[in-house]
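> Provided herewith is a single structure, encoded as structure tokens, for subsequent inquiry.
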Amino acid sequence: ANPEPRGLATARNQGLDAATGRYLAFLDPDDWLAPGHLEVLTREIQRLGVDFLRVDHVRHTEGVRTAHRAPQARRGVALDPREDIQPSHLSTMVDYPFAWAGIFDRKLAEAGLLHFIDGLHTAEDRPWIWRLHLQAESYAVVDQLGILYRRGVSSSLSQIFDRRQLDFLPSYQEVFRLVAADREAGRFWPKAARQFYAIACHHLGRSQQMAHDVRRDLRAGIRAAVAQLPADVARDALADLDPKRRKVMTKVLRSKK
């Protein structure tokens, strides 16, 4: 226990550092697992011999449960994580960043691939999932609906509009750093840029519920993040947005406020 809240990312890192098992899995405090879920995941990751395993999940929203599938349709076979980052215009496995939706070989933690950026309260899983798909050697997706993800809880950070919502900005600065350092950076820039624009537009759409200083820093942070992108990548990703989002983003990028 920490004397003061330190954020989800730090808590997960503390758990990783304390864990001693061969296989590691995450569980958020407002979610729950079906009986036997971890047993199934452990058996499957051993059978397939992959670095990490991803699964579908059930969303529980105000008493209603719906199944949500991971974007990869190929199930029960070893896959190359790098091959499931693109294409930029479709939902792929880097758009399914949930740390709790799977199980991981301990060697990933030992290689520094499972830890999160300390201190982040939100969007901590964005650079995490990119790092895994860029640098891990193998993974698989299996049909297993044993994680129940609770949505719409009033105390959830997704329902709060304070400065913690801006954590997606340093998260994507790290995503951009990872992509820039990759041997195939040109291949992955379009996906990273398009994903950032989509999430930035989401927050801009909620920004009227934020305090003035938070809203100001949101806009400034978006401009600073876009400045990290190669100019042609930033331009093309902006052009690919739907007209409504493109108008919003263009206004922010041209503004000095």
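Chain identifiers are assigned as A, B, and so on, following the order in which chains appear in the structure tokens; residues are numbered from 1 within each chain, and ligands are numbered from 1 in order of appearance.
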Might you pull out every residue within 10 Å of Pro170 of chain A, with only C-alpha atoms counted and same-chain residues fewer than 4 positions away left off, and present them as a PyMOL selection string?
chain A and resi 117+120+123-124+127+166+174-176+221+225
> To test your reading of the structure, identify every residue in segment 15-196 of chain A that backbone DSSP assigns to alpha helix (DSSP H), and report it as a PyMOL selection string.
chain A and resi 15-18+37-48+106-110+125-135+168-181+185-196
> What lies within 12 Å of Tyr139 of chain A using only C-alpha atoms, ignoring chain neighbours under 5 positions off, as a PDB file with all heavy atoms, in the first residue's frame?

```
ATOM      1  N   GLU A  44      -3.006 -22.105 -22.144  1.00  0.00           N
ATOM      2  CA  GLU A  44      -2.897 -21.713 -23.550  1.00  0.00           C
ATOM      3  C   GLU A  44      -1.554 -21.075 -23.884  1.00  0.00           C
ATOM      4  O   GLU A  44      -0.985 -21.325 -24.944  1.00  0.00           O
ATOM      5  CB  GLU A  44      -4.045 -20.773 -23.918  1.00  0.00           C
ATOM      6  CG  GLU A  44      -5.398 -21.456 -23.996  1.00  0.00           C
ATOM      7  CD  GLU A  44      -5.418 -22.533 -25.073  1.00  0.00           C
ATOM      8  OE1 GLU A  44      -5.407 -22.178 -26.264  1.00  0.00           O
ATOM      9  OE2 GLU A  44      -5.416 -23.729 -24.710  1.00  0.00           O
ATOM     10  N   ILE A  45      -1.028 -20.245 -22.999  1.00  0.00           N
ATOM     11  CA  ILE A  45       0.272 -19.631 -23.300  1.00  0.00           C
ATOM     12  C   ILE A  45       1.372 -20.673 -23.274  1.00  0.00           C
ATOM     13  O   ILE A  45       2.327 -20.615 -24.065  1.00  0.00           O
ATOM     14  CB  ILE A  45       0.576 -18.447 -22.342  1.00  0.00           C
ATOM     15  CG1 ILE A  45       1.732 -17.612 -22.896  1.00  0.00           C
ATOM     16  CG2 ILE A  45       0.861 -18.933 -20.924  1.00  0.00           C
ATOM     17  CD1 ILE A  45       1.989 -16.324 -22.117  1.00  0.00           C
ATOM     18  N   GLN A  46       1.227 -21.676 -22.419  1.00  0.00           N
ATOM     19  CA  GLN A  46       2.200 -22.763 -22.410  1.00  0.00           C
ATOM     20  C   GLN A  46       2.083 -23.610 -23.674  1.00  0.00           C
ATOM     21  O   GLN A  46       3.092 -23.995 -24.287  1.00  0.00           O
ATOM     22  CB  GLN A  46       1.992 -23.638 -21.171  1.00  0.00           C
ATOM     23  CG  GLN A  46       2.384 -22.964 -19.872  1.00  0.00           C
ATOM     24  CD  GLN A  46       2.071 -23.831 -18.658  1.00  0.00           C
ATOM     25  OE1 GLN A  46       1.120 -24.616 -18.672  1.00  0.00           O
ATOM     26  NE2 GLN A  46       2.855 -23.691 -17.606  1.00  0.00           N
ATOM     27  N   ARG A  47       0.862 -23.899 -24.087  1.00  0.00           N
ATOM     28  CA  ARG A  47       0.636 -24.730 -25.277  1.00  0.00           C
ATOM     29  C   ARG A  47       1.185 -24.069 -26.531  1.00  0.00           C
ATOM     30  O   ARG A  47       1.800 -24.726 -27.378  1.00  0.00           O
ATOM     31  CB  ARG A  47      -0.859 -25.006 -25.437  1.00  0.00           C
ATOM     32  CG  ARG A  47      -1.217 -25.843 -26.671  1.00  0.00           C
ATOM     33  CD  ARG A  47      -2.705 -26.075 -26.772  1.00  0.00           C
ATOM     34  NE  ARG A  47      -3.434 -24.865 -27.123  1.00  0.00           N
ATOM     35  CZ  ARG A  47      -3.612 -24.438 -28.363  1.00  0.00           C
ATOM     36  NH1 ARG A  47      -3.085 -25.102 -29.393  1.00  0.00           N
ATOM     37  NH2 ARG A  47      -4.315 -23.338 -28.610  1.00  0.00           N
ATOM     38  N   LEU A  48       0.977 -22.754 -26.649  1.00  0.00           N
ATOM     39  CA  LEU A  48       1.379 -22.040 -27.855  1.00  0.00           C
ATOM     40  C   LEU A  48       2.837 -21.585 -27.832  1.00  0.00           C
ATOM     41  O   LEU A  48       3.411 -21.284 -28.869  1.00  0.00           O
ATOM     42  CB  LEU A  48       0.458 -20.838 -28.065  1.00  0.00           C
ATOM     43  CG  LEU A  48      -0.994 -21.196 -28.401  1.00  0.00           C
ATOM     44  CD1 LEU A  48      -1.914 -20.001 -28.198  1.00  0.00           C
ATOM     45  CD2 LEU A  48      -1.083 -21.711 -29.829  1.00  0.00           C
ATOM     46  N   GLY A  49       3.429 -21.504 -26.633  1.00  0.00           N
ATOM     47  CA  GLY A  49       4.830 -21.132 -26.518  1.00  0.00           C
ATOM     48  C   GLY A  49       5.133 -19.721 -26.961  1.00  0.00           C
ATOM     49  O   GLY A  49       6.201 -19.446 -27.532  1.00  0.00           O
ATOM     50  N   VAL A  50       4.212 -18.767 -26.707  1.00  0.00           N
ATOM     51  CA  VAL A  50       4.386 -17.380 -27.144  1.00  0.00           C
ATOM     52  C   VAL A  50       4.770 -16.490 -25.965  1.00  0.00           C
ATOM     53  O   VAL A  50       4.644 -16.876 -24.809  1.00  0.00           O
ATOM     54  CB  VAL A  50       3.083 -16.847 -27.793  1.00  0.00           C
ATOM     55  CG1 VAL A  50       2.839 -17.569 -29.113  1.00  0.00           C
ATOM     56  CG2 VAL A  50       1.889 -17.008 -26.860  1.00  0.00           C
ATOM     57  N   ASP A  51       5.220 -15.278 -26.288  1.00  0.00           N
ATOM     58  CA  ASP A  51       5.617 -14.322 -25.258  1.00  0.00           C
ATOM     59  C   ASP A  51       4.423 -13.785 -24.477  1.00  0.00           C
ATOM     60  O   ASP A  51       4.520 -13.543 -23.277  1.00  0.00           O
ATOM     61  CB  ASP A  51       6.362 -13.139 -25.876  1.00  0.00           C
ATOM     62  CG  ASP A  51       7.735 -13.510 -26.396  1.00  0.00           C
ATOM     63  OD1 ASP A  51       8.231 -14.591 -26.042  1.00  0.00           O
ATOM     64  OD2 ASP A  51       8.308 -12.712 -27.161  1.00  0.00           O
ATOM     65  N   PHE A  52       3.327 -13.540 -25.192  1.00  0.00           N
ATOM     66  CA  PHE A  52       2.130 -13.072 -24.494  1.00  0.00           C
ATOM     67  C   PHE A  52       0.877 -13.517 -25.228  1.00  0.00           C
ATOM     68  O   PHE A  52       0.913 -13.862 -26.416  1.00  0.00           O
ATOM     69  CB  PHE A  52       2.136 -11.563 -24.266  1.00  0.00           C
ATOM     70  CG  PHE A  52       2.080 -10.687 -25.486  1.00  0.00           C
ATOM     71  CD1 PHE A  52       0.886 -10.100 -25.894  1.00  0.00           C
ATOM     72  CD2 PHE A  52       3.230 -10.389 -26.218  1.00  0.00           C
ATOM     73  CE1 PHE A  52       0.837  -9.262 -27.003  1.00  0.00           C
ATOM     74  CE2 PHE A  52       3.189  -9.545 -27.320  1.00  0.00           C
ATOM     75  CZ  PHE A  52       1.985  -8.978 -27.717  1.00  0.00           C
ATOM     76  N   LEU A  53      -0.208 -13.523 -24.480  1.00  0.00           N
ATOM     77  CA  LEU A  53      -1.488 -14.021 -24.973  1.00  0.00           C
ATOM     78  C   LEU A  53      -2.534 -12.938 -24.758  1.00  0.00           C
ATOM     79  O   LEU A  53      -2.561 -12.279 -23.719  1.00  0.00           O
ATOM     80  CB  LEU A  53      -1.874 -15.270 -24.172  1.00  0.00           C
ATOM     81  CG  LEU A  53      -2.986 -16.163 -24.712  1.00  0.00           C
ATOM     82  CD1 LEU A  53      -2.516 -16.916 -25.942  1.00  0.00           C
ATOM     83  CD2 LEU A  53      -3.383 -17.175 -23.620  1.00  0.00           C
ATOM     84  N   ARG A  54      -3.407 -12.733 -25.751  1.00  0.00           N
ATOM     85  CA  ARG A  54      -4.475 -11.744 -25.638  1.00  0.00           C
ATOM     86  C   ARG A  54      -5.826 -12.427 -25.775  1.00  0.00           C
ATOM     87  O   ARG A  54      -5.961 -13.433 -26.492  1.00  0.00           O
ATOM     88  CB  ARG A  54      -4.327 -10.678 -26.731  1.00  0.00           C
ATOM     89  CG  ARG A  54      -2.983  -9.976 -26.720  1.00  0.00           C
ATOM     90  CD  ARG A  54      -2.781  -9.146 -25.470  1.00  0.00           C
ATOM     91  NE  ARG A  54      -3.423  -7.837 -25.607  1.00  0.00           N
ATOM     92  CZ  ARG A  54      -3.746  -7.067 -24.581  1.00  0.00           C
ATOM     93  NH1 ARG A  54      -3.566  -7.489 -23.333  1.00  0.00           N
ATOM     94  NH2 ARG A  54      -4.279  -5.877 -24.789  1.00  0.00           N
ATOM     95  N   VAL A  55      -6.834 -11.862 -25.087  1.00  0.00           N
ATOM     96  CA  VAL A  55      -8.156 -12.476 -25.084  1.00  0.00           C
ATOM     97  C   VAL A  55      -9.239 -11.412 -25.270  1.00  0.00           C
ATOM     98  O   VAL A  55      -9.001 -10.220 -25.096  1.00  0.00           O
ATOM     99  CB  VAL A  55      -8.420 -13.242 -23.770  1.00  0.00           C
ATOM    100  CG1 VAL A  55      -7.455 -14.408 -23.620  1.00  0.00           C
ATOM    101  CG2 VAL A  55      -8.329 -12.306 -22.561  1.00  0.00           C
ATOM    102  N   GLN A  72      -7.817  -9.027 -33.730  1.00  0.00           N
ATOM    103  CA  GLN A  72      -7.216 -10.089 -34.536  1.00  0.00           C
ATOM    104  C   GLN A  72      -8.178 -11.282 -34.631  1.00  0.00           C
ATOM    105  O   GLN A  72      -8.577 -11.858 -33.612  1.00  0.00           O
ATOM    106  CB  GLN A  72      -5.890 -10.535 -33.917  1.00  0.00           C
ATOM    107  CG  GLN A  72      -5.233 -11.746 -34.553  1.00  0.00           C
ATOM    108  CD  GLN A  72      -5.013 -11.617 -36.032  1.00  0.00           C
ATOM    109  OE1 GLN A  72      -5.779 -12.156 -36.831  1.00  0.00           O
ATOM    110  NE2 GLN A  72      -3.967 -10.888 -36.428  1.00  0.00           N
ATOM    111  N   ARG A  74      -7.512 -14.195 -36.294  1.00  0.00           N
ATOM    112  CA  ARG A  74      -6.821 -15.497 -36.252  1.00  0.00           C
ATOM    113  C   ARG A  74      -6.622 -15.905 -34.804  1.00  0.00           C
ATOM    114  O   ARG A  74      -6.024 -15.178 -34.016  1.00  0.00           O
ATOM    115  CB  ARG A  74      -5.483 -15.423 -36.987  1.00  0.00           C
ATOM    116  CG  ARG A  74      -5.611 -15.132 -38.470  1.00  0.00           C
ATOM    117  CD  ARG A  74      -4.241 -15.093 -39.116  1.00  0.00           C
ATOM    118  NE  ARG A  74      -3.569 -16.391 -39.037  1.00  0.00           N
ATOM    119  CZ  ARG A  74      -2.270 -16.580 -39.261  1.00  0.00           C
ATOM    120  NH1 ARG A  74      -1.493 -15.538 -39.549  1.00  0.00           N
ATOM    121  NH2 ARG A  74      -1.734 -17.775 -39.180  1.00  0.00           N
ATOM    122  N   ARG A  75      -7.099 -17.073 -34.460  1.00  0.00           N
ATOM    123  CA  ARG A  75      -7.101 -17.508 -33.070  1.00  0.00           C
ATOM    124  C   ARG A  75      -6.316 -18.814 -32.898  1.00  0.00           C
ATOM    125  O   ARG A  75      -6.328 -19.687 -33.768  1.00  0.00           O
ATOM    126  CB  ARG A  75      -8.539 -17.717 -32.568  1.00  0.00           C
ATOM    127  CG  ARG A  75      -9.435 -16.462 -32.687  1.00  0.00           C
ATOM    128  CD  ARG A  75      -8.900 -15.367 -31.800  1.00  0.00           C
ATOM    129  NE  ARG A  75      -9.498 -14.070 -31.987  1.00  0.00           N
ATOM    130  CZ  ARG A  75     -10.380 -13.526 -31.140  1.00  0.00           C
ATOM    131  NH1 ARG A  75     -10.802 -14.198 -30.087  1.00  0.00           N
ATOM    132  NH2 ARG A  75     -10.822 -12.306 -31.347  1.00  0.00           N
ATOM    133  N   GLY A  76      -5.640 -18.905 -31.744  1.00  0.00           N
ATOM    134  CA  GLY A  76      -4.994 -20.152 -31.373  1.00  0.00           C
ATOM    135  C   GLY A  76      -3.738 -20.493 -32.138  1.00  0.00           C
ATOM    136  O   GLY A  76      -3.323 -21.659 -32.174  1.00  0.00           O
ATOM    137  N   VAL A  77      -3.093 -19.482 -32.764  1.00  0.00           N
ATOM    138  CA  VAL A  77      -1.832 -19.714 -33.473  1.00  0.00           C
ATOM    139  C   VAL A  77      -0.840 -18.622 -33.096  1.00  0.00           C
ATOM    140  O   VAL A  77      -1.229 -17.494 -32.788  1.00  0.00           O
ATOM    141  CB  VAL A  77      -2.027 -19.726 -35.003  1.00  0.00           C
ATOM    142  CG1 VAL A  77      -2.883 -20.907 -35.433  1.00  0.00           C
ATOM    143  CG2 VAL A  77      -2.645 -18.415 -35.492  1.00  0.00           C
ATOM    144  N   ALA A  78       0.438 -18.950 -33.134  1.00  0.00           N
ATOM    145  CA  ALA A  78       1.476 -17.962 -32.833  1.00  0.00           C
ATOM    146  C   ALA A  78       1.560 -16.939 -33.957  1.00  0.00           C
ATOM    147  O   ALA A  78       1.529 -17.290 -35.144  1.00  0.00           O
ATOM    148  CB  ALA A  78       2.826 -18.661 -32.645  1.00  0.00           C
ATOM    149  N   LEU A  79       1.665 -15.658 -33.582  1.00  0.00           N
ATOM    150  CA  LEU A  79       1.683 -14.562 -34.541  1.00  0.00           C
ATOM    151  C   LEU A  79       2.858 -13.630 -34.251  1.00  0.00           C
ATOM    152  O   LEU A  79       3.387 -13.603 -33.133  1.00  0.00           O
ATOM    153  CB  LEU A  79       0.381 -13.767 -34.460  1.00  0.00           C
ATOM    154  CG  LEU A  79      -0.917 -14.533 -34.733  1.00  0.00           C
ATOM    155  CD1 LEU A  79      -2.122 -13.688 -34.329  1.00  0.00           C
ATOM    156  CD2 LEU A  79      -1.005 -14.942 -36.195  1.00  0.00           C
ATOM    157  N   ASP A  80       3.236 -12.857 -35.268  1.00  0.00           N
ATOM    158  CA  ASP A  80       4.269 -11.825 -35.119  1.00  0.00           C
ATOM    159  C   ASP A  80       3.590 -10.535 -34.662  1.00  0.00           C
ATOM    160  O   ASP A  80       2.756  -9.989 -35.393  1.00  0.00           O
ATOM    161  CB  ASP A  80       4.966 -11.611 -36.461  1.00  0.00           C
ATOM    162  CG  ASP A  80       6.087 -10.580 -36.399  1.00  0.00           C
ATOM    163  OD1 ASP A  80       6.189  -9.853 -35.389  1.00  0.00           O
ATOM    164  OD2 ASP A  80       6.852 -10.483 -37.394  1.00  0.00           O
ATOM    165  N   PRO A  81       3.910 -10.013 -33.481  1.00  0.00           N
ATOM    166  CA  PRO A  81       3.235  -8.812 -32.988  1.00  0.00           C
ATOM    167  C   PRO A  81       3.374  -7.608 -33.911  1.00  0.00           C
ATOM    168  O   PRO A  81       2.445  -6.795 -34.008  1.00  0.00           O
ATOM    169  CB  PRO A  81       3.915  -8.550 -31.637  1.00  0.00           C
ATOM    170  CG  PRO A  81       4.534  -9.844 -31.242  1.00  0.00           C
ATOM    171  CD  PRO A  81       4.901 -10.520 -32.519  1.00  0.00           C
ATOM    172  N   ARG A  82       4.485  -7.479 -34.616  1.00  0.00           N
ATOM    173  CA  ARG A  82       4.712  -6.323 -35.481  1.00  0.00           C
ATOM    174  C   ARG A  82       3.742  -6.313 -36.671  1.00  0.00           C
ATOM    175  O   ARG A  82       3.420  -5.241 -37.192  1.00  0.00           O
ATOM    176  CB  ARG A  82       6.159  -6.315 -35.988  1.00  0.00           C
ATOM    177  CG  ARG A  82       7.188  -6.096 -34.893  1.00  0.00           C
ATOM    178  CD  ARG A  82       8.604  -6.249 -35.434  1.00  0.00           C
ATOM    179  NE  ARG A  82       8.953  -5.238 -36.418  1.00  0.00           N
ATOM    180  CZ  ARG A  82       9.453  -4.047 -36.124  1.00  0.00           C
ATOM    181  NH1 ARG A  82       9.667  -3.710 -34.851  1.00  0.00           N
ATOM    182  NH2 ARG A  82       9.756  -3.190 -37.075  1.00  0.00           N
ATOM    183  N   GLU A  83       3.309  -7.488 -37.080  1.00  0.00           N
ATOM    184  CA  GLU A  83       2.423  -7.575 -38.229  1.00  0.00           C
ATOM    185  C   GLU A  83       0.995  -7.152 -37.912  1.00  0.00           C
ATOM    186  O   GLU A  83       0.176  -7.020 -38.822  1.00  0.00           O
ATOM    187  CB  GLU A  83       2.434  -9.003 -38.791  1.00  0.00           C
ATOM    188  CG  GLU A  83       3.771  -9.432 -39.363  1.00  0.00           C
ATOM    189  CD  GLU A  83       4.255  -8.496 -40.458  1.00  0.00           C
ATOM    190  OE1 GLU A  83       3.442  -8.136 -41.338  1.00  0.00           O
ATOM    191  OE2 GLU A  83       5.448  -8.109 -40.428  1.00  0.00           O
ATOM    192  N   ASP A  84       0.692  -6.942 -36.642  1.00  0.00           N
ATOM    193  CA  ASP A  84      -0.670  -6.595 -36.245  1.00  0.00           C
ATOM    194  C   ASP A  84      -0.770  -5.182 -35.686  1.00  0.00           C
ATOM    195  O   ASP A  84      -1.651  -4.885 -34.877  1.00  0.00           O
ATOM    196  CB  ASP A  84      -1.203  -7.627 -35.241  1.00  0.00           C
ATOM    197  CG  ASP A  84      -1.452  -8.965 -35.911  1.00  0.00           C
ATOM    198  OD1 ASP A  84      -1.691  -8.974 -37.128  1.00  0.00           O
ATOM    199  OD2 ASP A  84      -1.392 -10.006 -35.228  1.00  0.00           O
ATOM    200  N   MET A  93      -4.469  -4.506 -33.175  1.00  0.00           N
ATOM    201  CA  MET A  93      -4.185  -4.907 -31.803  1.00  0.00           C
ATOM    202  C   MET A  93      -3.574  -3.791 -30.960  1.00  0.00           C
ATOM    203  O   MET A  93      -3.658  -3.838 -29.734  1.00  0.00           O
ATOM    204  CB  MET A  93      -3.295  -6.141 -31.782  1.00  0.00           C
ATOM    205  CG  MET A  93      -3.997  -7.409 -32.273  1.00  0.00           C
ATOM    206  SD  MET A  93      -5.516  -7.828 -31.349  1.00  0.00           S
ATOM    207  CE  MET A  93      -4.829  -8.288 -29.751  1.00  0.00           C
ATOM    208  N   GLY A 102      -5.233 -10.513 -20.956  1.00  0.00           N
ATOM    209  CA  GLY A 102      -4.239 -11.468 -21.390  1.00  0.00           C
ATOM    210  C   GLY A 102      -3.331 -11.932 -20.273  1.00  0.00           C
ATOM    211  O   GLY A 102      -3.576 -11.692 -19.086  1.00  0.00           O
ATOM    212  N   ILE A 103      -2.267 -12.594 -20.673  1.00  0.00           N
ATOM    213  CA  ILE A 103      -1.264 -13.099 -19.739  1.00  0.00           C
ATOM    214  C   ILE A 103       0.092 -13.002 -20.428  1.00  0.00           C
ATOM    215  O   ILE A 103       0.172 -13.063 -21.667  1.00  0.00           O
ATOM    216  CB  ILE A 103      -1.599 -14.545 -19.313  1.00  0.00           C
ATOM    217  CG1 ILE A 103      -0.773 -14.969 -18.092  1.00  0.00           C
ATOM    218  CG2 ILE A 103      -1.431 -15.530 -20.470  1.00  0.00           C
ATOM    219  CD1 ILE A 103      -1.272 -16.265 -17.452  1.00  0.00           C
ATOM    220  N   PHE A 104       1.167 -12.873 -19.628  1.00  0.00           N
ATOM    221  CA  PHE A 104       2.472 -12.501 -20.172  1.00  0.00           C
ATOM    222  C   PHE A 104       3.576 -13.341 -19.541  1.00  0.00           C
ATOM    223  O   PHE A 104       3.569 -13.593 -18.328  1.00  0.00           O
ATOM    224  CB  PHE A 104       2.738 -11.016 -19.897  1.00  0.00           C
ATOM    225  CG  PHE A 104       1.595 -10.140 -20.340  1.00  0.00           C
ATOM    226  CD1 PHE A 104       0.520  -9.895 -19.494  1.00  0.00           C
ATOM    227  CD2 PHE A 104       1.568  -9.609 -21.616  1.00  0.00           C
ATOM    228  CE1 PHE A 104      -0.557  -9.125 -19.904  1.00  0.00           C
ATOM    229  CE2 PHE A 104       0.503  -8.839 -22.044  1.00  0.00           C
ATOM    230  CZ  PHE A 104      -0.567  -8.598 -21.188  1.00  0.00           C
ATOM    231  N   ASP A 105       4.524 -13.747 -20.381  1.00  0.00           N
ATOM    232  CA  ASP A 105       5.683 -14.480 -19.881  1.00  0.00           C
ATOM    233  C   ASP A 105       6.566 -13.524 -19.083  1.00  0.00           C
ATOM    234  O   ASP A 105       6.791 -12.377 -19.486  1.00  0.00           O
ATOM    235  CB  ASP A 105       6.476 -15.069 -21.050  1.00  0.00           C
ATOM    236  CG  ASP A 105       7.499 -16.099 -20.603  1.00  0.00           C
ATOM    237  OD1 ASP A 105       8.413 -15.736 -19.829  1.00  0.00           O
ATOM    238  OD2 ASP A 105       7.390 -17.256 -21.035  1.00  0.00           O
ATOM    239  N   LEU A 108       9.300 -11.044 -20.462  1.00  0.00           N
ATOM    240  CA  LEU A 108       9.001  -9.710 -20.974  1.00  0.00           C
ATOM    241  C   LEU A 108       9.272  -8.648 -19.922  1.00  0.00           C
ATOM    242  O   LEU A 108       9.781  -7.566 -20.228  1.00  0.00           O
ATOM    243  CB  LEU A 108       7.547  -9.636 -21.440  1.00  0.00           C
ATOM    244  CG  LEU A 108       7.166 -10.502 -22.645  1.00  0.00           C
ATOM    245  CD1 LEU A 108       5.678 -10.360 -22.939  1.00  0.00           C
ATOM    246  CD2 LEU A 108       7.991 -10.146 -23.871  1.00  0.00           C
ATOM    247  N   LEU A 132       5.154  -3.544 -26.675  1.00  0.00           N
ATOM    248  CA  LEU A 132       5.010  -4.992 -26.810  1.00  0.00           C
ATOM    249  C   LEU A 132       4.959  -5.409 -28.274  1.00  0.00           C
ATOM    250  O   LEU A 132       5.629  -6.362 -28.688  1.00  0.00           O
ATOM    251  CB  LEU A 132       3.736  -5.455 -26.099  1.00  0.00           C
ATOM    252  CG  LEU A 132       3.820  -5.714 -24.602  1.00  0.00           C
ATOM    253  CD1 LEU A 132       2.436  -6.058 -24.058  1.00  0.00           C
ATOM    254  CD2 LEU A 132       4.798  -6.853 -24.301  1.00  0.00           C
ATOM    255  N   HIS A 133       4.154  -4.726 -29.070  1.00  0.00           N
ATOM    256  CA  HIS A 133       3.998  -5.138 -30.457  1.00  0.00           C
ATOM    257  C   HIS A 133       5.211  -4.799 -31.316  1.00  0.00           C
ATOM    258  O   HIS A 133       5.452  -5.470 -32.323  1.00  0.00           O
ATOM    259  CB  HIS A 133       2.716  -4.539 -31.044  1.00  0.00           C
ATOM    260  CG  HIS A 133       1.510  -5.373 -30.725  1.00  0.00           C
ATOM    261  ND1 HIS A 133       1.055  -6.373 -31.536  1.00  0.00           N
ATOM    262  CD2 HIS A 133       0.698  -5.374 -29.640  1.00  0.00           C
ATOM    263  CE1 HIS A 133       0.008  -6.959 -30.994  1.00  0.00           C
ATOM    264  NE2 HIS A 133      -0.242  -6.364 -29.843  1.00  0.00           N
ATOM    265  N   LEU A 134       5.969  -3.813 -30.924  1.00  0.00           N
ATOM    266  CA  LEU A 134       7.186  -3.502 -31.665  1.00  0.00           C
ATOM    267  C   LEU A 134       8.349  -4.408 -31.290  1.00  0.00           C
ATOM    268  O   LEU A 134       9.190  -4.726 -32.139  1.00  0.00           O
ATOM    269  CB  LEU A 134       7.591  -2.040 -31.421  1.00  0.00           C
ATOM    270  CG  LEU A 134       6.774  -0.961 -32.119  1.00  0.00           C
ATOM    271  CD1 LEU A 134       7.160   0.416 -31.572  1.00  0.00           C
ATOM    272  CD2 LEU A 134       6.950  -1.001 -33.634  1.00  0.00           C
TER     273      LEU A 134
END
```
> Give the answer as one residue: which of A:Gly36, A:Pro97, A:Gly146, A:Gly152 has the shortest atom-to-atom distance to Thr122 of chain A, using only C-alpha atoms?
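Under the stated criterion, the closest residue is A:Pro97.
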> Quick one: everything within 12 Å of Glu110 of chain A, counting only C-alpha atoms, minus sequence neighbours fewer than 2 positions away in the same chain. Send it as a ChimeraX atom specification.
/A:16-17,19-20,22-24,104-108,112-115
> Within 12 Å of Leu8 of chain A, counting only C-alpha atoms, which residues qualify if same-chain residues fewer than 5 places away don't, as a list in words?
Asn2, Asn13, Gln14, Gly15, Phe26, Leu27, Asp28, Pro29, Ala99, His115, Phe116, Ile117, Asp118, Gly119, Leu120, His121, Thr122, Ala123, Glu124, Asp125, Ser156, Leu157, Arg164 and Asp167 of chain A
> Store the residues picked out above in a file with N, CA and C atoms, as a short mmCIF file (atom, residue, chain, number, x, y, z; two decimals), in the first residue's frame.

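part-v7.cif, written as the output of this step:
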```cif
data_model
loop_
_atom_site.label_atom_id
_atom_site.label_comp_id
_atom_site.auth_asym_id
_atom_site.auth_seq_id
_atom_site.Cartn_x
_atom_site.Cartn_y
_atom_site.Cartn_z
N ASN A 2 0.47 2.26 -0.76
CA ASN A 2 1.18 3.53 -0.77
C ASN A 2 0.48 4.52 0.14
N ASN A 13 3.51 -1.27 -11.79
CA ASN A 13 4.95 -1.50 -11.74
C ASN A 13 5.36 -2.13 -10.42
N GLN A 14 4.77 -1.67 -9.32
CA GLN A 14 5.07 -2.25 -8.02
C GLN A 14 4.67 -3.71 -7.97
N GLY A 15 3.51 -4.02 -8.58
CA GLY A 15 3.08 -5.42 -8.64
C GLY A 15 4.04 -6.27 -9.46
N PHE A 26 -2.77 -8.98 -15.09
CA PHE A 26 -3.24 -7.78 -14.39
C PHE A 26 -4.74 -7.87 -14.14
N LEU A 27 -5.18 -7.22 -13.08
CA LEU A 27 -6.61 -7.11 -12.80
C LEU A 27 -6.87 -5.76 -12.15
N ASP A 28 -7.72 -4.95 -12.76
CA ASP A 28 -8.07 -3.65 -12.18
C ASP A 28 -9.07 -3.84 -11.03
N PRO A 29 -9.12 -2.89 -10.08
CA PRO A 29 -9.91 -3.10 -8.86
C PRO A 29 -11.41 -3.15 -9.07
N ALA A 99 -4.39 -3.91 -20.50
CA ALA A 99 -3.36 -4.76 -19.89
C ALA A 99 -3.95 -6.01 -19.27
N HIS A 115 6.70 -2.93 -18.03
CA HIS A 115 6.53 -1.83 -17.09
C HIS A 115 5.91 -0.61 -17.79
N PHE A 116 5.28 0.22 -16.98
CA PHE A 116 4.56 1.40 -17.44
C PHE A 116 5.33 2.66 -17.04
N ILE A 117 4.97 3.79 -17.63
CA ILE A 117 5.58 5.06 -17.24
C ILE A 117 5.07 5.44 -15.86
N ASP A 118 5.96 5.53 -14.91
CA ASP A 118 5.57 5.84 -13.53
C ASP A 118 4.77 7.14 -13.45
N GLY A 119 3.75 7.12 -12.61
CA GLY A 119 2.99 8.33 -12.30
C GLY A 119 1.79 8.58 -13.17
N LEU A 120 1.62 7.84 -14.25
CA LEU A 120 0.47 8.07 -15.12
C LEU A 120 -0.81 7.51 -14.50
N HIS A 121 -1.88 8.28 -14.60
CA HIS A 121 -3.18 7.84 -14.10
C HIS A 121 -4.07 7.33 -15.22
N THR A 122 -3.88 7.83 -16.43
CA THR A 122 -4.67 7.41 -17.58
C THR A 122 -3.75 7.21 -18.78
N ALA A 123 -4.25 6.45 -19.77
CA ALA A 123 -3.51 6.19 -21.02
C ALA A 123 -2.16 5.53 -20.79
N GLU A 124 -1.97 4.95 -19.62
CA GLU A 124 -0.70 4.30 -19.32
C GLU A 124 -0.45 3.09 -20.21
N ASP A 125 -1.53 2.52 -20.75
CA ASP A 125 -1.38 1.30 -21.55
C ASP A 125 -1.08 1.57 -23.02
N SER A 156 -14.77 6.18 -11.83
CA SER A 156 -13.73 5.81 -12.79
C SER A 156 -13.08 7.05 -13.37
N LEU A 157 -11.78 6.94 -13.67
CA LEU A 157 -11.07 8.09 -14.23
C LEU A 157 -11.61 8.48 -15.60
N ARG A 164 -5.69 14.74 -14.79
CA ARG A 164 -5.24 13.37 -15.05
C ARG A 164 -5.60 12.90 -16.46
N ASP A 167 -2.85 12.82 -19.27
CA ASP A 167 -1.75 11.86 -19.29
C ASP A 167 -1.58 11.19 -20.65
#
```
